[in-house]
Structures are given as structure tokens and as C-alpha cells.
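Q: Contents of query.txt (compact mmCIF, C-alpha atoms) are below:
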```
# COMPACT_ATOMS: atom_id res chain seq x y z
CA MET L 8 6.19 -38.27 21.22
CA VAL L 9 2.93 -37.31 22.92
CA SER L 10 0.00 -39.41 21.81
CA GLN L 11 -3.30 -37.94 20.65
CA THR L 12 -4.87 -39.22 23.88
CA GLY L 13 -2.17 -37.47 25.92
CA ARG L 14 -2.68 -34.20 24.07
CA ALA L 15 -6.43 -34.42 24.61
CA ALA L 16 -5.97 -35.05 28.34
CA ARG L 17 -3.59 -32.11 28.64
CA ALA L 18 -6.03 -29.85 26.77
CA THR L 19 -8.81 -30.97 29.09
CA ARG L 20 -6.72 -30.18 32.17
CA GLU L 21 -5.81 -26.77 30.80
CA SER L 22 -9.43 -26.03 30.01
CA GLY L 23 -10.35 -27.08 33.52
CA ARG L 24 -7.75 -24.74 35.04
CA GLN L 25 -9.02 -21.88 32.92
CA THR L 26 -12.62 -22.51 34.01
CA ARG L 27 -11.62 -22.77 37.65
CA ASP L 28 -9.61 -19.54 37.43
CA ALA L 29 -12.45 -17.76 35.61
CA LEU L 30 -14.91 -18.77 38.34
CA PHE L 31 -12.52 -17.59 41.03
CA ALA L 32 -11.90 -14.24 39.33
CA ALA L 33 -15.61 -13.61 38.75
CA ALA L 34 -16.49 -14.65 42.30
CA THR L 35 -13.80 -12.38 43.74
CA GLU L 36 -15.17 -9.33 41.96
CA LEU L 37 -18.79 -10.10 42.82
CA PHE L 38 -18.23 -11.16 46.43
CA LEU L 39 -16.12 -8.07 47.17
CA GLU L 40 -18.91 -5.87 45.85
CA HIS L 41 -21.98 -7.72 47.14
CA GLY L 42 -20.89 -10.17 49.85
CA ASP L 43 -22.01 -13.78 50.14
CA GLY L 44 -25.51 -13.01 48.82
CA VAL L 45 -24.26 -13.39 45.25
CA ALA L 46 -25.99 -16.27 43.45
CA ILE L 47 -24.10 -19.06 41.69
CA THR L 48 -25.85 -18.11 38.46
CA GLN L 49 -24.39 -14.59 38.68
CA ILE L 50 -20.89 -15.95 39.15
CA CYS L 51 -21.27 -18.39 36.28
CA ALA L 52 -22.68 -15.74 33.97
CA ALA L 53 -19.67 -13.52 34.65
CA ALA L 54 -17.24 -16.43 34.23
CA GLY L 55 -18.87 -17.98 31.16
CA ALA L 56 -19.35 -21.22 33.09
CA HIS L 57 -22.16 -23.51 34.20
CA PRO L 58 -23.53 -23.84 37.78
CA ASN L 59 -22.49 -27.50 38.06
CA GLN L 60 -18.88 -26.42 37.46
CA VAL L 61 -18.88 -24.49 40.75
CA THR L 62 -19.74 -27.73 42.51
CA TYR L 63 -17.22 -29.69 40.45
CA TYR L 64 -14.27 -27.37 41.07
CA TYR L 65 -15.09 -25.98 44.53
CA GLY L 66 -17.61 -28.32 46.11
CA SER L 67 -20.05 -25.55 47.01
CA LYS L 68 -20.61 -21.82 46.71
CA GLU L 69 -19.72 -21.49 50.39
CA ARG L 70 -16.30 -23.04 49.89
CA LEU L 71 -15.69 -20.79 46.88
CA PHE L 72 -16.67 -17.81 49.03
CA VAL L 73 -14.27 -18.77 51.81
CA GLU L 74 -11.41 -19.41 49.37
CA VAL L 75 -11.99 -16.02 47.76
CA ALA L 76 -12.14 -14.30 51.16
CA CYS L 77 -8.94 -15.94 52.36
CA ALA L 78 -7.05 -14.95 49.23
CA ALA L 79 -8.43 -11.41 49.43
CA VAL L 80 -7.38 -10.77 53.02
CA LEU L 81 -3.89 -12.14 52.36
CA ARG L 82 -3.54 -9.73 49.43
CA ALA L 83 -4.78 -6.88 51.63
CA GLY L 84 -2.26 -7.76 54.32
CA LYS L 85 0.61 -7.92 51.84
CA ARG L 86 -0.42 -4.60 50.28
CA ALA L 87 -0.58 -2.99 53.71
CA GLU L 88 2.94 -4.15 54.50
CA ASP L 89 4.15 -2.80 51.15
CA ASP L 90 2.39 0.52 51.79
CA ALA L 91 4.08 0.85 55.17
CA ALA L 92 7.54 -0.22 54.01
CA THR L 93 8.76 3.32 53.31
CA ALA L 94 7.77 4.74 56.72
CA GLU L 95 10.47 6.38 58.81
CA THR L 96 8.80 6.40 62.23
CA VAL L 97 6.62 3.99 64.17
CA GLY L 98 3.69 6.40 63.99
CA ASP L 99 3.97 6.78 60.22
CA TYR L 100 4.42 3.03 59.80
CA THR L 101 1.31 2.23 61.81
CA GLU L 102 -0.79 4.90 60.12
CA LYS L 103 0.10 3.51 56.70
CA LEU L 104 -0.42 -0.09 57.80
CA VAL L 105 -3.77 0.51 59.50
CA GLY L 106 -4.84 3.06 56.89
CA SER L 107 -4.32 0.52 54.13
CA LEU L 108 -6.27 -2.21 55.96
CA LEU L 109 -9.15 0.09 56.92
CA GLY L 110 -9.12 1.97 53.63
CA PRO L 111 -8.54 0.20 50.31
CA GLY L 112 -8.12 -3.15 52.07
CA ALA L 113 -11.34 -2.87 54.10
CA PRO L 114 -13.61 -4.73 51.62
CA SER L 115 -11.22 -7.68 51.67
CA VAL L 116 -11.01 -7.69 55.46
CA GLU L 117 -14.80 -7.42 55.70
CA LEU L 118 -15.14 -10.39 53.34
CA PHE L 119 -12.83 -12.44 55.54
CA VAL L 120 -14.84 -11.54 58.63
CA GLU L 121 -17.95 -12.81 56.83
CA ALA L 122 -16.07 -16.01 55.97
CA MET L 123 -15.04 -16.51 59.60
CA LEU L 124 -18.66 -16.22 60.68
CA MET L 125 -19.72 -18.65 57.94
CA THR L 126 -17.31 -21.32 59.17
CA GLY L 127 -19.14 -21.32 62.48
CA ARG L 128 -21.95 -23.02 60.56
CA ARG L 129 -19.74 -24.94 58.14
CA GLY L 130 -17.11 -26.77 60.15
CA GLU L 131 -15.60 -28.42 57.08
CA LEU L 132 -14.32 -24.99 55.98
CA ARG L 133 -12.48 -24.16 59.19
CA ASP L 134 -9.11 -25.39 57.96
CA LEU L 135 -9.12 -22.68 55.28
CA ILE L 136 -9.72 -19.98 57.89
CA THR L 137 -7.21 -21.46 60.33
CA ASP L 138 -4.46 -21.61 57.70
CA THR L 139 -5.16 -18.04 56.59
CA LEU L 140 -5.10 -16.71 60.15
CA ARG L 141 -1.83 -18.52 60.75
CA THR L 142 -0.35 -16.82 57.68
CA LEU L 143 -1.66 -13.40 58.72
CA HIS L 144 -0.26 -13.78 62.23
CA SER L 145 3.11 -14.95 60.94
CA SER L 146 3.25 -12.03 58.53
CA GLY L 147 2.29 -9.68 61.35
CA GLU L 148 5.18 -10.94 63.39
CA ASP L 149 7.54 -9.92 60.61
CA ALA L 150 5.83 -6.59 60.02
CA LEU L 151 4.49 -4.39 62.80
CA ILE L 152 5.68 -6.32 65.84
CA ARG L 153 9.29 -6.78 64.73
CA THR L 154 9.34 -3.16 63.63
CA LEU L 155 8.26 -2.12 67.11
CA MET L 156 10.83 -4.38 68.73
CA ARG L 157 13.59 -2.54 66.87
CA THR L 158 12.61 0.59 68.78
CA GLY L 159 13.32 -1.08 72.09
CA TRP L 160 9.65 -1.68 72.93
CA GLN L 161 9.31 -4.58 75.32
CA LEU L 162 6.78 -7.23 74.42
CA ARG L 163 4.13 -7.86 77.09
CA ALA L 164 3.57 -11.36 75.66
CA GLY L 165 4.99 -13.66 73.00
CA ILE L 166 5.40 -12.17 69.55
CA ASP L 167 2.75 -14.54 68.17
CA VAL L 168 0.27 -13.30 70.78
CA GLU L 169 1.00 -9.67 69.89
CA ALA L 170 0.46 -10.38 66.19
CA LYS L 171 -2.89 -12.00 67.01
CA ALA L 172 -3.83 -8.98 69.13
CA PHE L 173 -3.08 -6.66 66.20
CA TRP L 174 -5.30 -8.59 63.79
CA SER L 175 -8.04 -8.97 66.40
CA ALA L 176 -8.11 -5.19 66.75
CA ILE L 177 -8.27 -4.76 62.96
CA PHE L 178 -11.14 -7.23 62.68
CA GLY L 179 -12.99 -5.47 65.48
CA LEU L 180 -12.63 -2.07 63.82
CA VAL L 181 -13.76 -3.44 60.47
CA ILE L 182 -16.83 -5.06 62.07
CA GLN L 183 -17.76 -1.68 63.54
CA LYS L 184 -17.19 0.01 60.19
CA THR L 185 -19.35 -2.59 58.44
CA ALA L 186 -22.13 -2.26 60.99
CA THR L 187 -22.25 1.53 60.88
CA GLY L 188 -21.52 2.05 57.18
CA GLU L 189 -20.56 5.58 56.22
CA SER L 190 -21.02 6.78 59.80
CA PHE L 191 -17.94 4.84 60.93
CA GLY L 192 -16.74 6.86 63.89
CA TYR L 193 -13.00 6.30 63.88
CA SER L 194 -10.64 8.61 62.07
CA LEU L 195 -7.35 7.08 61.00
CA GLU L 196 -5.66 8.68 63.99
CA GLU L 197 -8.25 7.20 66.34
CA ALA L 198 -7.96 3.80 64.69
CA VAL L 199 -4.19 3.85 65.21
CA ALA L 200 -4.77 4.82 68.84
CA VAL L 201 -7.10 1.85 69.24
CA ILE L 202 -4.47 -0.49 67.82
CA PHE L 203 -1.81 0.85 70.18
CA ALA L 204 -4.16 0.69 73.14
CA ASN L 205 -4.95 -2.91 72.27
CA LEU L 206 -1.25 -3.71 72.14
CA GLN L 207 -0.54 -1.51 75.19
CA ILE L 208 2.17 0.46 73.38
CA PRO L 209 2.97 3.89 74.87
CA GLU L 210 2.37 6.98 72.75
CA THR L 211 6.01 7.98 73.13
CA VAL L 212 6.95 5.13 70.81
CA LEU L 213 5.09 6.74 67.90
CA GLY L 214 7.84 9.21 67.05
CA THR L 215 10.64 6.66 67.30
CA SER L 216 12.66 6.09 64.14
CA ILE L 217 12.55 2.59 62.70
CA ASP L 218 15.78 2.89 60.72
```
How would this structure read if it were set down as C-alpha cells?
A:
Amino acid sequence: MVSQTGRAARATRESGRQTRDALFAAATELFLEHGDGVAITQICAAAGAHPNQVTYYYGSKERLFVEVACAAVLRAGKRAEDDAATAETVGDYTEKLVGSLLGPGAPSVELFVEAMLMTGRRGELRDLITDTLRTLHSSGEDALIRTLMRTGWQLRAGIDVEAKAFWSAIFGLVIQKTATGESFGYSLEEAVAVIFANLQIPETVLGTSID
């Protein structure tokens, strides 16, 4: 039988999880809309929490920001893979994949780029970025690169290097989009062309079936 002390401890842990989750959810919404300029007080007001609870559960606003950014870009990557899953050709697959990352997924990718820049000043947060990049690259190996390999395309480097090249191109395009705002110069077709040029994949591969 659980003692009264045990029930109280369990209730405290559950309350703590709820507060932590509420802070994370509020921070995700605010950071995606406003970037890292959001104040702790804004996050706490949205979460129904107190500023000292950000420090208690996350250590700092910067760590909370990086955790939110990492989770967001992983969701964007997974959604892009899901969006591209029904494609019948390499060209269609890549358009859906890149279109998802540069379209609805762009705010999440932009947030992650901000987080990468932040870790240059906050070395203690680098492990979060490193682990997230490793996951993105591994996922990329199973998505675009392996799809291309089924067409007979010959890798110019190791599959892990190609996956890194893909994400580096995406990050570069998103940085340009962020810097130029609505005047972003790449159409989806041009963005796909940039990705293929970065990976050195011939245009003839675009029409190849991936069945």
C-alpha cells in the first residue's frame, strides 16, 4: 500500500512534469514566432509558471531555446520525410522533401540555425546540437540518399557525407531566406536544383522511378 508520503512525492513529480511540459509548449510556440528574443516572463505567462521554474527545469532560457529548436527541426525533418513518402520519381520526391523543409518546416529549420549560432557562444549546449545533427544525418541517410541509391546513382562519397551535404544545403538556403525575408529568390524548382548541384546529382536522375 502506498504511503501518504509516497503519494505526495508522486503528485509532486507529476506536477513537476506538467510544469516542465507547459514551459516547453509555451516556449515552442513563442520561439517559433519570435525567435530567441522572447523574454522568460512571456514564456512563464503563457505557461502559467514562474521565472525561477525555467531555471529549475532547464537551467537557463538559452538551454530551453536550444532544446525547443532541436525538437522542432527533428519534427520538421520527420514531416518532410512523410510528405515525400508517396512520391513516384526522384524529382517529385525531392520537390516534396525540400518543399516541406523550406515551406511549412522553414520556421523550425530557422530556429535550429539560430540555436547552432548560439552554441558558438555557449559551449555547454553543443552536445544538444551535435546529437540533433547526428539524428538528422542518420535520418537523411535513410531518406533521400538511400532513395537515390535505388536509382543506380553512384555516391561520390560515403553516405554519411552525402546526408551532411544535403542538410548543409538546406541550412544555407534557409539562412538566405531568413536574411532576405519575403524577397527570398529561390523558387522550389531552383531550390531543388541547388540541392542536386550540391550533391552533384545529374538532372537525368530526376525522372527516375523510385519504385
Q: Can you measure atom CA of Asp90 of chain L to atom CA of Leu104 of chain L for me? One decimal in Å is fine.
A: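 Calculated distance between atom CA of Asp90 of chain L and atom CA of Leu104 of chain L is 6.7 Å.
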Q: Counting all atoms listed in the file, what is within 6 Å of Ile50 of chain L, bar same-chain residues fewer than 2 positions away, as a PyMOL selection string?
A: chain L and resi 33-34+47-48+52-53
Q: Taking only C-alpha atoms into account, which of L:Asp167, L:Asp138, L:Trp174, L:Gly98 comes nearest Leu195 of chain L?
A: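 Of L:Asp167, L:Asp138, L:Trp174, L:Gly98, the one nearest Leu195 of chain L, counting only C-alpha atoms, is L:Gly98.
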Q: How many Å separate atom CA of Ala29 of chain L from atom CA of Thr126 of chain L?
A: 24.3 Å
Q: Find the residues near segment 69-80 of chain L: any atom within 8 Å, counting only C-alpha atoms, skip ones fewer than 4 places away on the same chain, and give them as an mmCIF file with C-alpha atoms, in the frame of the given file.
A:
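File written: result13.cif
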```cif
data_model
loop_
_atom_site.group_PDB
_atom_site.id
_atom_site.type_symbol
_atom_site.label_atom_id
_atom_site.label_comp_id
_atom_site.auth_asym_id
_atom_site.auth_seq_id
_atom_site.Cartn_x
_atom_site.Cartn_y
_atom_site.Cartn_z
ATOM 1 C CA PHE L 31 -12.520 -17.590 41.030
ATOM 2 C CA ALA L 34 -16.490 -14.650 42.300
ATOM 3 C CA THR L 35 -13.800 -12.380 43.740
ATOM 4 C CA PHE L 38 -18.230 -11.160 46.430
ATOM 5 C CA ASP L 43 -22.010 -13.780 50.140
ATOM 6 C CA VAL L 61 -18.880 -24.490 40.750
ATOM 7 C CA TYR L 65 -15.090 -25.980 44.530
ATOM 8 C CA GLY L 84 -2.260 -7.760 54.320
ATOM 9 C CA GLY L 112 -8.120 -3.150 52.070
ATOM 10 C CA SER L 115 -11.220 -7.680 51.670
ATOM 11 C CA VAL L 116 -11.010 -7.690 55.460
ATOM 12 C CA LEU L 118 -15.140 -10.390 53.340
ATOM 13 C CA PHE L 119 -12.830 -12.440 55.540
ATOM 14 C CA ALA L 122 -16.070 -16.010 55.970
ATOM 15 C CA LEU L 132 -14.320 -24.990 55.980
ATOM 16 C CA LEU L 135 -9.120 -22.680 55.280
ATOM 17 C CA ILE L 136 -9.720 -19.980 57.890
ATOM 18 C CA THR L 139 -5.160 -18.040 56.590
#
```
Q: From the list L:Ile217, L:Ala113, L:Ile202, L:Ala176, which residue is nearest Glu40 of chain L when using all atoms listed in the file?
A: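 Smallest distance to Glu40 of chain L is found for L:Ala113.
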Q: Between atom CA of Gln183 of chain L and atom CA of Glu117 of chain L, measure the distance and give it in Å to one decimal.
A: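 One can read the atom CA of Gln183 of chain L to atom CA of Glu117 of chain L distance as 10.2 Å.
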Q: Quick one: everything within 10 Å of Thr154 of chain L, counting only C-alpha atoms, minus sequence neighbours fewer than 2 positions away in the same chain. Send it as a list in words.
A: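 Contacts, in chain order: Thr96, Val97, Tyr100, Thr101, Gly147, Glu148, Asp149, Ala150, Leu151, Ile152, Met156, Arg157, Thr158, Gly159, Trp160, Ser216, Ile217 and Asp218 of chain L.
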Q: Could you check the closest approach to Glu169 of chain L for each of L:Thr187, L:Ser146, L:Thr93, L:Thr26 and tell me which residue wins, using all atoms listed in the file?
A: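 Result for the nearest residue to Glu169 of chain L: L:Ser146.
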Q: Nearest residue to Gln207 of chain L out of L:Gln161, L:Lys103, L:Thr185, L:Asp89, using all atoms listed in the file?
A: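 Comparing L:Gln161, L:Lys103, L:Thr185, L:Asp89 against Gln207 of chain L, the winner is L:Gln161.
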Q: Can you pull out every residue within 10 Å of Arg27 of chain L, counting all atoms listed in the file, but drop anything in the same chain fewer than 5 positions away, and send it as a ChimeraX atom specification?
A: /L:21-22,32,54,56,60-61,63-65
